[in-house]
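A.B. asks: This is coords-v7.cif, which holds mmCIF, C-alpha atoms:
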```
data_entry
loop_
_atom_site.group_PDB
_atom_site.id
_atom_site.type_symbol
_atom_site.label_atom_id
_atom_site.label_comp_id
_atom_site.auth_asym_id
_atom_site.auth_seq_id
_atom_site.Cartn_x
_atom_site.Cartn_y
_atom_site.Cartn_z
ATOM 1 C CA MET A 9 35.364 5.207 12.477
ATOM 2 C CA ALA A 10 32.844 4.343 15.168
ATOM 3 C CA LEU A 11 30.506 7.104 16.310
ATOM 4 C CA ARG A 12 31.437 8.014 19.875
ATOM 5 C CA GLU A 13 29.768 10.226 22.444
ATOM 6 C CA LEU A 14 27.907 12.326 19.918
ATOM 7 C CA LEU A 15 25.272 13.359 22.460
ATOM 8 C CA THR A 16 27.218 13.681 25.694
ATOM 9 C CA ASP A 17 25.163 15.484 28.372
ATOM 10 C CA LYS A 18 22.275 16.160 25.991
ATOM 11 C CA ILE A 19 18.685 15.837 27.229
ATOM 12 C CA VAL A 20 16.843 13.873 24.538
ATOM 13 C CA LEU A 21 13.110 13.193 24.394
ATOM 14 C CA ILE A 22 11.942 10.451 22.044
ATOM 15 C CA ASN A 23 8.205 10.423 21.521
ATOM 16 C CA GLY A 24 7.064 6.927 20.617
ATOM 17 C CA GLY A 25 10.372 5.704 21.989
ATOM 18 C CA SER A 26 9.310 2.620 23.903
ATOM 19 C CA GLN A 27 9.474 0.189 20.984
ATOM 20 C CA GLY A 28 10.404 -0.191 17.329
ATOM 21 C CA VAL A 29 12.392 2.563 15.647
ATOM 22 C CA GLY A 30 11.930 4.855 18.637
ATOM 23 C CA ALA A 31 13.430 2.320 21.036
ATOM 24 C CA GLY A 32 16.359 1.814 18.684
ATOM 25 C CA ILE A 33 16.972 5.566 18.687
ATOM 26 C CA ALA A 34 16.774 5.583 22.493
ATOM 27 C CA ARG A 35 19.435 2.869 22.710
ATOM 28 C CA ALA A 36 21.703 4.695 20.268
ATOM 29 C CA ALA A 37 21.273 8.062 22.001
ATOM 30 C CA ALA A 38 21.999 6.524 25.399
ATOM 31 C CA ARG A 39 25.097 4.847 23.991
ATOM 32 C CA GLU A 40 26.248 8.248 22.759
ATOM 33 C CA GLY A 41 26.049 9.821 26.210
ATOM 34 C CA ALA A 42 22.561 11.342 26.284
ATOM 35 C CA THR A 43 20.055 11.397 29.094
ATOM 36 C CA VAL A 44 17.097 9.760 27.377
ATOM 37 C CA VAL A 45 13.395 10.141 28.081
ATOM 38 C CA VAL A 46 10.963 7.988 26.106
ATOM 39 C CA THR A 47 7.201 8.216 25.843
ATOM 40 C CA GLY A 48 4.649 5.573 24.994
ATOM 41 C CA ARG A 49 1.174 4.417 25.873
ATOM 42 C CA ARG A 50 2.149 1.101 27.479
ATOM 43 C CA ALA A 51 3.969 1.598 30.769
ATOM 44 C CA GLU A 52 5.234 -1.990 31.004
ATOM 45 C CA VAL A 53 6.995 -1.704 27.633
ATOM 46 C CA GLY A 54 8.496 1.685 28.383
ATOM 47 C CA GLU A 55 9.659 0.710 31.863
ATOM 48 C CA ALA A 56 11.291 -2.447 30.485
ATOM 49 C CA LEU A 57 13.297 -0.361 28.014
ATOM 50 C CA VAL A 58 14.357 2.060 30.738
ATOM 51 C CA ALA A 59 15.469 -0.850 32.928
ATOM 52 C CA GLU A 60 17.519 -2.182 30.019
ATOM 53 C CA LEU A 61 19.197 1.187 29.465
ATOM 54 C CA THR A 62 19.898 1.957 33.106
ATOM 55 C CA ALA A 63 21.425 -1.486 33.551
ATOM 56 C CA THR A 64 24.161 -0.353 31.161
ATOM 57 C CA GLY A 65 24.806 2.790 33.198
ATOM 58 C CA ALA A 66 22.753 5.099 30.990
ATOM 59 C CA LYS A 67 20.431 7.784 32.339
ATOM 60 C CA ALA A 68 16.886 7.078 31.155
ATOM 61 C CA ALA A 69 13.274 7.633 32.147
ATOM 62 C CA PHE A 70 9.812 6.782 30.842
ATOM 63 C CA ARG A 71 6.797 9.083 30.619
ATOM 64 C CA ARG A 72 3.434 7.586 29.766
ATOM 65 C CA ALA A 73 1.671 9.679 27.118
ATOM 66 C CA ASP A 74 -1.090 9.292 24.560
ATOM 67 C CA LEU A 75 0.281 11.569 21.868
ATOM 68 C CA ALA A 76 -3.064 11.706 20.075
ATOM 69 C CA ASP A 77 -3.962 14.214 22.787
ATOM 70 C CA PRO A 78 -2.157 17.490 21.974
ATOM 71 C CA ALA A 79 -2.057 18.421 25.651
ATOM 72 C CA GLN A 80 -0.097 15.243 26.358
ATOM 73 C CA ALA A 81 2.179 15.826 23.351
ATOM 74 C CA ARG A 82 3.054 19.243 24.759
ATOM 75 C CA GLY A 83 3.053 17.910 28.300
ATOM 76 C CA ALA A 84 5.712 15.302 27.581
ATOM 77 C CA VAL A 85 8.117 18.079 26.613
ATOM 78 C CA GLU A 86 7.085 20.240 29.546
ATOM 79 C CA ASP A 87 7.683 17.317 31.932
ATOM 80 C CA VAL A 88 11.211 16.903 30.575
ATOM 81 C CA VAL A 89 11.948 20.609 30.992
ATOM 82 C CA ALA A 90 10.572 20.518 34.546
ATOM 83 C CA ALA A 91 12.647 17.463 35.448
ATOM 84 C CA TYR A 92 15.943 18.375 33.778
ATOM 85 C CA GLY A 93 15.790 22.132 33.318
ATOM 86 C CA ARG A 94 15.811 22.000 29.537
ATOM 87 C CA ILE A 95 15.349 19.930 26.397
ATOM 88 C CA ASP A 96 18.208 19.755 23.881
ATOM 89 C CA CYS A 97 16.906 17.255 21.344
ATOM 90 C CA LEU A 98 13.482 15.968 20.320
ATOM 91 C CA VAL A 99 12.654 12.959 18.166
ATOM 92 C CA ASN A 100 9.092 12.407 16.964
ATOM 93 C CA ALA A 101 9.020 8.682 16.254
ATOM 94 C CA ALA A 102 5.445 7.711 17.139
ATOM 95 C CA GLY A 103 3.432 6.439 14.211
ATOM 96 C CA LEU A 104 0.035 4.968 13.387
ATOM 97 C CA THR A 105 0.000 2.676 10.336
ATOM 98 C CA SER A 106 -3.507 1.187 10.379
ATOM 99 C CA ARG A 107 -4.790 0.610 6.861
ATOM 100 C CA GLY A 108 -7.296 2.659 4.893
ATOM 101 C CA SER A 109 -7.797 3.566 1.250
ATOM 102 C CA LEU A 110 -9.368 6.663 -0.270
ATOM 103 C CA LEU A 111 -12.658 4.781 -0.603
ATOM 104 C CA ASP A 112 -12.919 3.009 2.761
ATOM 105 C CA THR A 113 -11.250 5.411 5.207
ATOM 106 C CA THR A 114 -13.700 6.728 7.766
ATOM 107 C CA PRO A 115 -13.465 10.242 9.216
ATOM 108 C CA GLU A 116 -12.510 8.630 12.513
ATOM 109 C CA LEU A 117 -9.576 6.735 10.972
ATOM 110 C CA PHE A 118 -8.431 9.821 9.082
ATOM 111 C CA ASP A 119 -8.537 11.908 12.260
ATOM 112 C CA ALA A 120 -6.589 9.243 14.162
ATOM 113 C CA HIS A 121 -3.791 9.356 11.590
ATOM 114 C CA ILE A 122 -3.634 13.132 11.645
ATOM 115 C CA ALA A 123 -3.660 13.149 15.459
ATOM 116 C CA VAL A 124 -0.701 10.788 15.900
ATOM 117 C CA ASN A 125 1.322 11.284 12.723
ATOM 118 C CA LEU A 126 1.020 15.058 12.291
ATOM 119 C CA ARG A 127 -0.667 16.911 15.135
ATOM 120 C CA ALA A 128 1.410 15.279 17.878
ATOM 121 C CA PRO A 129 4.754 16.234 16.282
ATOM 122 C CA PHE A 130 3.443 19.782 15.716
ATOM 123 C CA PHE A 131 2.618 20.402 19.364
ATOM 124 C CA ALA A 132 5.649 18.545 20.715
ATOM 125 C CA MET A 133 7.837 20.744 18.520
ATOM 126 C CA GLN A 134 5.909 23.812 19.654
ATOM 127 C CA ALA A 135 6.784 23.077 23.290
ATOM 128 C CA ALA A 136 10.400 22.097 22.577
ATOM 129 C CA VAL A 137 11.139 25.126 20.415
ATOM 130 C CA ALA A 138 9.491 27.405 22.988
ATOM 131 C CA ASP A 139 11.934 26.135 25.625
ATOM 132 C CA MET A 140 14.945 26.503 23.329
ATOM 133 C CA VAL A 141 13.961 30.019 22.256
ATOM 134 C CA SER A 142 13.280 31.115 25.844
ATOM 135 C CA ARG A 143 16.790 30.020 26.823
ATOM 136 C CA LYS A 144 18.331 31.406 23.616
ATOM 137 C CA ALA A 145 19.896 27.977 23.223
ATOM 138 C CA PRO A 146 20.429 25.863 20.100
ATOM 139 C CA GLY A 147 18.693 22.534 19.718
ATOM 140 C CA THR A 148 17.923 19.776 17.267
ATOM 141 C CA ILE A 149 14.768 17.950 16.231
ATOM 142 C CA VAL A 150 14.315 14.918 13.996
ATOM 143 C CA ASN A 151 10.900 13.864 12.699
ATOM 144 C CA ILE A 152 10.530 10.255 11.595
ATOM 145 C CA GLY A 153 8.507 10.325 8.414
ATOM 146 C CA SER A 154 7.881 7.777 5.703
ATOM 147 C CA ASP A 155 8.579 7.383 2.014
ATOM 148 C CA CYS A 156 4.780 7.246 1.779
ATOM 149 C CA ALA A 157 4.975 11.038 1.976
ATOM 150 C CA HIS A 158 5.704 10.859 -1.770
ATOM 151 C CA GLY A 159 2.475 8.999 -2.488
ATOM 152 C CA GLY A 160 2.340 5.611 -0.827
ATOM 153 C CA PRO A 161 0.282 2.504 -1.597
ATOM 154 C CA PRO A 162 -3.506 2.773 -1.984
ATOM 155 C CA TYR A 163 -4.158 1.080 1.374
ATOM 156 C CA LEU A 164 -2.215 3.783 3.266
ATOM 157 C CA ALA A 165 -4.110 6.862 2.098
ATOM 158 C CA PRO A 166 -4.575 8.676 5.453
ATOM 159 C CA TYR A 167 -1.090 7.660 6.602
ATOM 160 C CA SER A 168 0.461 9.037 3.405
ATOM 161 C CA ALA A 169 -1.481 12.279 3.752
ATOM 162 C CA ALA A 170 -0.303 12.760 7.340
ATOM 163 C CA LYS A 171 3.333 11.962 6.546
ATOM 164 C CA ALA A 172 3.292 14.363 3.599
ATOM 165 C CA GLY A 173 2.065 16.995 6.014
ATOM 166 C CA LEU A 174 4.887 16.136 8.429
ATOM 167 C CA ALA A 175 7.471 16.659 5.683
ATOM 168 C CA GLY A 176 6.055 20.096 4.959
ATOM 169 C CA LEU A 177 5.886 20.948 8.651
ATOM 170 C CA THR A 178 9.528 19.941 9.100
ATOM 171 C CA LYS A 179 10.669 22.366 6.422
ATOM 172 C CA ASN A 180 8.396 25.151 7.624
ATOM 173 C CA ALA A 181 9.598 24.924 11.228
ATOM 174 C CA ALA A 182 13.244 24.619 10.183
ATOM 175 C CA HIS A 183 12.981 27.775 8.100
ATOM 176 C CA ALA A 184 11.138 29.659 10.830
ATOM 177 C CA HIS A 185 13.757 28.902 13.486
ATOM 178 C CA ARG A 186 17.010 28.763 11.567
ATOM 179 C CA TRP A 187 18.174 32.060 13.129
ATOM 180 C CA ASP A 188 17.477 30.573 16.560
ATOM 181 C CA ARG A 189 20.060 27.906 15.677
ATOM 182 C CA ILE A 190 17.428 25.203 16.047
ATOM 183 C CA ARG A 191 18.018 22.566 13.407
ATOM 184 C CA ILE A 192 14.987 20.527 12.338
ATOM 185 C CA ASN A 193 15.262 17.629 9.915
ATOM 186 C CA GLY A 194 13.210 14.652 8.839
ATOM 187 C CA LEU A 195 13.854 11.080 7.825
ATOM 188 C CA ASN A 196 11.438 9.455 5.374
ATOM 189 C CA ILE A 197 12.102 5.813 6.136
ATOM 190 C CA GLY A 198 11.116 2.933 3.904
ATOM 191 C CA TRP A 199 9.900 -0.554 4.775
ATOM 192 C CA THR A 200 11.544 -1.385 8.103
ATOM 193 C CA GLU A 201 11.892 -4.553 10.151
ATOM 194 C CA THR A 202 10.220 -3.976 13.528
ATOM 195 C CA GLU A 203 7.963 -5.889 15.886
ATOM 196 C CA GLY A 204 5.186 -3.485 14.929
ATOM 197 C CA GLU A 205 5.634 -4.266 11.238
ATOM 198 C CA ASP A 206 5.433 -7.959 12.036
ATOM 199 C CA ALA A 207 2.072 -7.402 13.733
ATOM 200 C CA VAL A 208 0.832 -5.271 10.819
ATOM 201 C CA GLN A 209 1.774 -7.899 8.245
ATOM 202 C CA ARG A 210 0.022 -10.644 10.179
ATOM 203 C CA THR A 211 -3.060 -8.572 11.047
ATOM 204 C CA PHE A 212 -3.725 -6.771 7.764
ATOM 205 C CA HIS A 213 -2.042 -8.942 5.140
ATOM 206 C CA GLY A 214 -2.417 -12.490 6.459
ATOM 207 C CA ALA A 215 1.340 -12.979 6.532
ATOM 208 C CA GLY A 216 2.848 -16.236 7.752
ATOM 209 C CA ASP A 217 5.978 -16.919 9.755
ATOM 210 C CA ASP A 218 8.174 -16.622 6.671
ATOM 211 C CA TRP A 219 6.915 -13.187 5.565
ATOM 212 C CA LEU A 220 10.141 -11.412 6.487
ATOM 213 C CA GLU A 221 12.310 -13.801 4.510
ATOM 214 C CA GLN A 222 10.022 -13.473 1.499
ATOM 215 C CA ALA A 223 9.882 -9.678 1.805
ATOM 216 C CA ALA A 224 13.674 -9.410 2.013
ATOM 217 C CA ARG A 225 14.043 -11.198 -1.317
ATOM 218 C CA THR A 226 11.968 -8.474 -2.998
ATOM 219 C CA GLN A 227 14.241 -5.643 -1.814
ATOM 220 C CA PRO A 228 17.303 -4.369 -3.727
ATOM 221 C CA MET A 229 19.610 -4.739 -0.708
ATOM 222 C CA GLY A 230 18.206 -8.133 0.235
ATOM 223 C CA LYS A 231 16.766 -6.925 3.542
ATOM 224 C CA LEU A 232 14.269 -4.508 4.999
ATOM 225 C CA GLY A 233 15.481 -1.330 6.688
ATOM 226 C CA GLN A 234 17.167 -2.068 10.003
ATOM 227 C CA VAL A 235 16.335 -0.184 13.191
ATOM 228 C CA ASP A 236 19.932 0.110 14.394
ATOM 229 C CA GLU A 237 21.027 1.644 11.097
ATOM 230 C CA ILE A 238 18.201 4.185 11.205
ATOM 231 C CA ALA A 239 19.004 4.968 14.837
ATOM 232 C CA ASP A 240 22.659 5.748 14.078
ATOM 233 C CA PHE A 241 21.562 8.112 11.306
ATOM 234 C CA VAL A 242 19.132 9.905 13.623
ATOM 235 C CA VAL A 243 21.805 10.298 16.307
ATOM 236 C CA LEU A 244 24.092 11.847 13.719
ATOM 237 C CA LEU A 245 21.381 14.359 12.749
ATOM 238 C CA LEU A 246 20.764 15.204 16.400
ATOM 239 C CA SER A 247 24.436 15.784 17.045
ATOM 240 C CA ASP A 248 26.777 18.647 16.188
ATOM 241 C CA ARG A 249 28.554 16.250 13.820
ATOM 242 C CA SER A 250 25.844 16.917 11.222
ATOM 243 C CA GLY A 251 26.965 20.518 11.055
ATOM 244 C CA VAL A 252 24.591 23.184 9.778
ATOM 245 C CA VAL A 253 22.080 20.950 8.001
ATOM 246 C CA THR A 254 18.473 21.941 8.651
ATOM 247 C CA GLY A 255 15.206 21.646 6.762
ATOM 248 C CA SER A 256 16.317 18.440 5.061
ATOM 249 C CA VAL A 257 13.800 15.633 4.650
ATOM 250 C CA ILE A 258 15.993 12.703 3.733
ATOM 251 C CA ASP A 259 14.718 9.631 1.910
ATOM 252 C CA TRP A 260 16.189 6.781 3.961
ATOM 253 C CA SER A 261 15.126 4.060 1.575
ATOM 254 C CA GLN A 262 16.471 1.583 -0.942
ATOM 255 C CA HIS A 263 13.915 2.649 -3.537
ATOM 256 C CA VAL A 264 14.732 5.789 -5.508
ATOM 257 C CA VAL A 265 11.866 8.272 -5.718
ATOM 258 C CA GLY A 266 11.308 9.179 -9.371
ATOM 259 C CA GLY A 267 13.366 6.298 -10.722
ATOM 260 C CA SER A 268 11.821 3.930 -13.255
ATOM 261 C CA ASP A 269 12.753 0.841 -15.264
#
```
What is this structure when it is put down as structure tokens?

C.D. replies:
Amino acid sequence: MALRELLTDKIVLINGGSQGVGAGIARAAAREGATVVVTGRRAEVGEALVAELTATGAKAAFRRADLADPAQARGAVEDVVAAYGRIDCLVNAAGLTSRGSLLDTTPELFDAHIAVNLRAPFFAMQAAVADMVSRKAPGTIVNIGSDCAHGGPPYLAPYSAAKAGLAGLTKNAAHAHRWDRIRINGLNIGWTETEGEDAVQRTFHGAGDDWLEQAARTQPMGKLGQVDEIADFVVLLLSDRSGVVTGSVIDWSQHVVGGSD
């Protein structure tokens, strides 16, 4: 059965929602009846997405924010509450994937990964949960993690460290606020086909125009993760249809952690 109107009348903030996985989640949430607010650093990209959504009759808005600044991570939530009176759902989808190994990562690169991939979700959740608790209202949060939280490749050392921290934070916050009926879950996604991944492959790995086709052949399902499939899963977790589940960090990947041949 098709998912229908899972988020009717919900106010949903998607941090890092102007492109990639975040934009896919914004489209899915809008389709399911939500009022969607997306944040990003590039206004032209965010405004283009909002124009696309509103053209379909959806309610959407863009807020420019550099989530590496904790004040702006909190402020994005506070702006939503000021504009709409509340926040019902939060998705932390922003991510920094610049490369660095244990041996060549500088303190500056490490701090940048922590700022975007861990600190920003922390303070966005802080503001969202504060609003929900003050209203004594339930809410849902989904953090977009990575299967690198289990270890990751050598060239993603600071990224893996930050995403491992995000998995732990997700469980900690879910436990702390379970009696407030605030459900907090995470999705550790695997290798995913996005415009950002295309840029990463070309910039850091010298990939050519056929990199995606070659990469797909190396995957068990014959393709990389697809944004629309991830987005539908996130919408389900945000909605009441996912029931009581909280504190789950789900491996959304075609590679089985712990499996071996």

A.B. asks: With only C-alpha atoms as the basis for distance, which of A:Glu116, A:Asp269, A:Asp236, A:Asp96 is at the shortest distance from Val29 (chain A)?

C.D. replies: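 Of all the options, A:Asp236 lies closest to Val29 (chain A).
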
A.B. asks: Pick from A:Lys18, A:Arg210, A:Arg50, A:His185: nearest to Cys97 (chain A), with all atoms listed in the file counted?

C.D. replies: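 Of A:Lys18, A:Arg210, A:Arg50, A:His185, the one nearest Cys97 (chain A) is A:Lys18, counting all atoms listed in the file.
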
A.B. asks: Expanded to explicit residues, what is the PyMOL selection byres ((chain A and resi 47) around 9) for this file, as a list in words?

C.D. replies: Leu21, Ile22, Asn23, Gly24, Gly25, Ser26, Val45, Val46, Gly48, Arg49, Arg50, Ala51, Gly54, Ala69, Phe70, Arg71, Arg72, Ala73, Asp74, Leu75, Ala84 and Ala102 of chain A

A.B. asks: Specify as a JSON list (two decimals) with C-alpha atoms, in the frame of the given file each residue included when the PyMOL selection byres ((chain A and resi 156-167) around 6) is applied to this file.

C.D. replies:
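Saved result, expr-v2.json, follows:
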```json
[["chain", "number", "residue", "atom", "x", "y", "z"],
["A", 107, "ARG", "CA", -4.79, 0.61, 6.86],
["A", 108, "GLY", "CA", -7.30, 2.66, 4.89],
["A", 109, "SER", "CA", -7.80, 3.57, 1.25],
["A", 110, "LEU", "CA", -9.37, 6.66, -0.27],
["A", 118, "PHE", "CA", -8.43, 9.82, 9.08],
["A", 121, "HIS", "CA", -3.79, 9.36, 11.59],
["A", 154, "SER", "CA", 7.88, 7.78, 5.70],
["A", 155, "ASP", "CA", 8.58, 7.38, 2.01],
["A", 168, "SER", "CA", 0.46, 9.04, 3.40],
["A", 169, "ALA", "CA", -1.48, 12.28, 3.75],
["A", 170, "ALA", "CA", -0.30, 12.76, 7.34],
["A", 171, "LYS", "CA", 3.33, 11.96, 6.55],
["A", 172, "ALA", "CA", 3.29, 14.36, 3.60]]
```

A.B. asks: By how many Å are CA of Leu14 (chain A) and CA of Ile95 (chain A) apart?

C.D. replies: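 Going from CA of Leu14 (chain A) over to CA of Ile95 (chain A) covers 16.0 Å.
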
A.B. asks: Using all atoms listed in the file, which residues sit within 8 Å of Gln262 (chain A) once same-chain residues fewer than 4 positions away are excluded, as an mmCIF file with C-alpha atoms, keeping the file's coordinate frame?

C.D. replies:
```cif
data_model
loop_
_atom_site.group_PDB
_atom_site.id
_atom_site.type_symbol
_atom_site.label_atom_id
_atom_site.label_comp_id
_atom_site.auth_asym_id
_atom_site.auth_seq_id
_atom_site.Cartn_x
_atom_site.Cartn_y
_atom_site.Cartn_z
ATOM 1 C CA GLY A 198 11.116 2.933 3.904
ATOM 2 C CA GLN A 227 14.241 -5.643 -1.814
ATOM 3 C CA PRO A 228 17.303 -4.369 -3.727
ATOM 4 C CA MET A 229 19.610 -4.739 -0.708
#
```

A.B. asks: Can you measure CA of Ala66 (chain A) to CA of Thr254 (chain A) for me? One decimal in Å is fine.

C.D. replies: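 That distance, rounded to one decimal, is 28.3 Å.
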
A.B. asks: Any idea what the distance is between CA of Lys67 (chain A) and CA of Val44 (chain A)?

C.D. replies: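 Interatomic distance, CA of Lys67 (chain A) to CA of Val44 (chain A): 6.3 Å.
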
A.B. asks: Evaluate the PyMOL selection byres ((chain A and resi 98) around 10) and record the selected residues as a list of chain:residue names, following the chain and residue labels used in the document.

C.D. replies: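 On this input, the PyMOL selection byres ((chain A and resi 98) around 10) captures A:Ile19, A:Val20, A:Leu21, A:Ile22, A:Asn23, A:Val45, A:Val85, A:Ile95, A:Asp96, A:Cys97, A:Val99, A:Asn100, A:Ala101, A:Pro129, A:Ala132, A:Met133, A:Ala136, A:Val137, A:Gly147, A:Thr148, A:Ile149, A:Val150, A:Asn151, A:Ile192, A:Leu246.
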
A.B. asks: Determine, counting all atoms listed in the file, which protein, DNA and RNA residues have an atom within 9 Å of an atom of Leu61 (chain A); residues of the same chain fewer than 6 positions away are not included. Present the result as a list in words.

C.D. replies: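 After dropping sequence-adjacent residues, the list is Ala34, Arg35, Ala38, Arg39, Lys67 and Ala68 of chain A.
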
A.B. asks: Quick one: axis-aligned box around all listed atoms of region 137-149 of chain A, 6 Å on every side, centre and edge lengths in Å to one decimal, written as lines of an AutoDock Vina configuration file.

C.D. replies:
```
center_x = 15.0
center_y = 24.7
center_z = 21.5
size_x = 22.9
size_y = 25.5
size_z = 22.6
```

A.B. asks: Between A:Ala224, A:Ile197, A:Ala145, A:Val89, which one has atoms that come closest to Trp260 (chain A), using only C-alpha atoms?

C.D. replies: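 Closest candidate: A:Ile197.
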
A.B. asks: Would you mind telling me which residue in A:Asp17, A:Ala135, A:Glu237, A:Ile152 lies nearest to Tyr92 (chain A) when using all atoms listed in the file?

C.D. replies: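 Among A:Asp17, A:Ala135, A:Glu237, A:Ile152, it is A:Asp17 that comes nearest to Tyr92 (chain A).
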
A.B. asks: Could you list, as a PDB file with C-alpha atoms, in the frame of the given file, every residue within 12 Å of Glu205 (chain A), counting only C-alpha atoms and ignoring same-chain residues fewer than 3 positions away?

C.D. replies:
```
ATOM      1  CA  GLN A  27       9.474   0.189  20.984  1.00  0.00           C
ATOM      2  CA  GLY A  28      10.404  -0.191  17.329  1.00  0.00           C
ATOM      3  CA  VAL A  29      12.392   2.563  15.647  1.00  0.00           C
ATOM      4  CA  GLY A 103       3.432   6.439  14.211  1.00  0.00           C
ATOM      5  CA  LEU A 104       0.035   4.968  13.387  1.00  0.00           C
ATOM      6  CA  THR A 105       0.000   2.676  10.336  1.00  0.00           C
ATOM      7  CA  SER A 106      -3.507   1.187  10.379  1.00  0.00           C
ATOM      8  CA  GLY A 198      11.116   2.933   3.904  1.00  0.00           C
ATOM      9  CA  TRP A 199       9.900  -0.554   4.775  1.00  0.00           C
ATOM     10  CA  THR A 200      11.544  -1.385   8.103  1.00  0.00           C
ATOM     11  CA  GLU A 201      11.892  -4.553  10.151  1.00  0.00           C
ATOM     12  CA  THR A 202      10.220  -3.976  13.528  1.00  0.00           C
ATOM     13  CA  VAL A 208       0.832  -5.271  10.819  1.00  0.00           C
ATOM     14  CA  GLN A 209       1.774  -7.899   8.245  1.00  0.00           C
ATOM     15  CA  ARG A 210       0.022 -10.644  10.179  1.00  0.00           C
ATOM     16  CA  THR A 211      -3.060  -8.572  11.047  1.00  0.00           C
ATOM     17  CA  PHE A 212      -3.725  -6.771   7.764  1.00  0.00           C
ATOM     18  CA  HIS A 213      -2.042  -8.942   5.140  1.00  0.00           C
ATOM     19  CA  ALA A 215       1.340 -12.979   6.532  1.00  0.00           C
ATOM     20  CA  TRP A 219       6.915 -13.187   5.565  1.00  0.00           C
ATOM     21  CA  LEU A 220      10.141 -11.412   6.487  1.00  0.00           C
ATOM     22  CA  ALA A 223       9.882  -9.678   1.805  1.00  0.00           C
ATOM     23  CA  LEU A 232      14.269  -4.508   4.999  1.00  0.00           C
ATOM     24  CA  GLY A 233      15.481  -1.330   6.688  1.00  0.00           C
ATOM     25  CA  GLN A 234      17.167  -2.068  10.003  1.00  0.00           C
ATOM     26  CA  VAL A 235      16.335  -0.184  13.191  1.00  0.00           C
TER      27      VAL A 235
END
```

A.B. asks: For region 206-210 of chain A, where the input has fewer atoms than it should, I would like all heavy atoms rebuilt and written as a PDB file, keeping the file's coordinate frame.

C.D. replies:
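Printed below is part-v3.pdb as written:
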```
ATOM      1  N   ASP A 206       5.814  -6.548  12.000  1.00  0.00           N
ATOM      2  CA  ASP A 206       5.433  -7.959  12.036  1.00  0.00           C
ATOM      3  C   ASP A 206       3.951  -8.096  12.367  1.00  0.00           C
ATOM      4  O   ASP A 206       3.222  -8.859  11.707  1.00  0.00           O
ATOM      5  CB  ASP A 206       6.275  -8.706  13.070  1.00  0.00           C
ATOM      6  CG  ASP A 206       5.928 -10.181  13.133  1.00  0.00           C
ATOM      7  OD1 ASP A 206       6.333 -10.934  12.215  1.00  0.00           O
ATOM      8  OD2 ASP A 206       5.237 -10.598  14.088  1.00  0.00           O
ATOM      9  N   ALA A 207       3.480  -7.352  13.357  1.00  0.00           N
ATOM     10  CA  ALA A 207       2.072  -7.402  13.733  1.00  0.00           C
ATOM     11  C   ALA A 207       1.179  -6.898  12.609  1.00  0.00           C
ATOM     12  O   ALA A 207       0.120  -7.469  12.333  1.00  0.00           O
ATOM     13  CB  ALA A 207       1.848  -6.576  15.002  1.00  0.00           C
ATOM     14  N   VAL A 208       1.614  -5.831  11.932  1.00  0.00           N
ATOM     15  CA  VAL A 208       0.832  -5.271  10.819  1.00  0.00           C
ATOM     16  C   VAL A 208       0.704  -6.285   9.690  1.00  0.00           C
ATOM     17  O   VAL A 208      -0.380  -6.495   9.133  1.00  0.00           O
ATOM     18  CB  VAL A 208       1.479  -3.968  10.305  1.00  0.00           C
ATOM     19  CG1 VAL A 208       0.942  -3.598   8.929  1.00  0.00           C
ATOM     20  CG2 VAL A 208       1.229  -2.834  11.283  1.00  0.00           C
ATOM     21  N   GLN A 209       1.802  -6.931   9.337  1.00  0.00           N
ATOM     22  CA  GLN A 209       1.774  -7.899   8.245  1.00  0.00           C
ATOM     23  C   GLN A 209       0.852  -9.070   8.562  1.00  0.00           C
ATOM     24  O   GLN A 209       0.125  -9.566   7.693  1.00  0.00           O
ATOM     25  CB  GLN A 209       3.192  -8.397   7.952  1.00  0.00           C
ATOM     26  CG  GLN A 209       4.092  -7.356   7.311  1.00  0.00           C
ATOM     27  CD  GLN A 209       3.592  -6.900   5.969  1.00  0.00           C
ATOM     28  OE1 GLN A 209       3.122  -7.691   5.154  1.00  0.00           O
ATOM     29  NE2 GLN A 209       3.682  -5.593   5.719  1.00  0.00           N
ATOM     30  N   ARG A 210       0.875  -9.512   9.794  1.00  0.00           N
ATOM     31  CA  ARG A 210       0.022 -10.644  10.179  1.00  0.00           C
ATOM     32  C   ARG A 210      -1.440 -10.236  10.293  1.00  0.00           C
ATOM     33  O   ARG A 210      -2.337 -10.993   9.900  1.00  0.00           O
ATOM     34  CB  ARG A 210       0.521 -11.229  11.504  1.00  0.00           C
ATOM     35  CG  ARG A 210       1.905 -11.867  11.408  1.00  0.00           C
ATOM     36  CD  ARG A 210       2.418 -12.313  12.770  1.00  0.00           C
ATOM     37  NE  ARG A 210       3.797 -12.748  12.719  1.00  0.00           N
ATOM     38  CZ  ARG A 210       4.201 -13.978  12.402  1.00  0.00           C
ATOM     39  NH1 ARG A 210       3.291 -14.905  12.115  1.00  0.00           N
ATOM     40  NH2 ARG A 210       5.483 -14.303  12.378  1.00  0.00           N
TER      41      ARG A 210
END
```
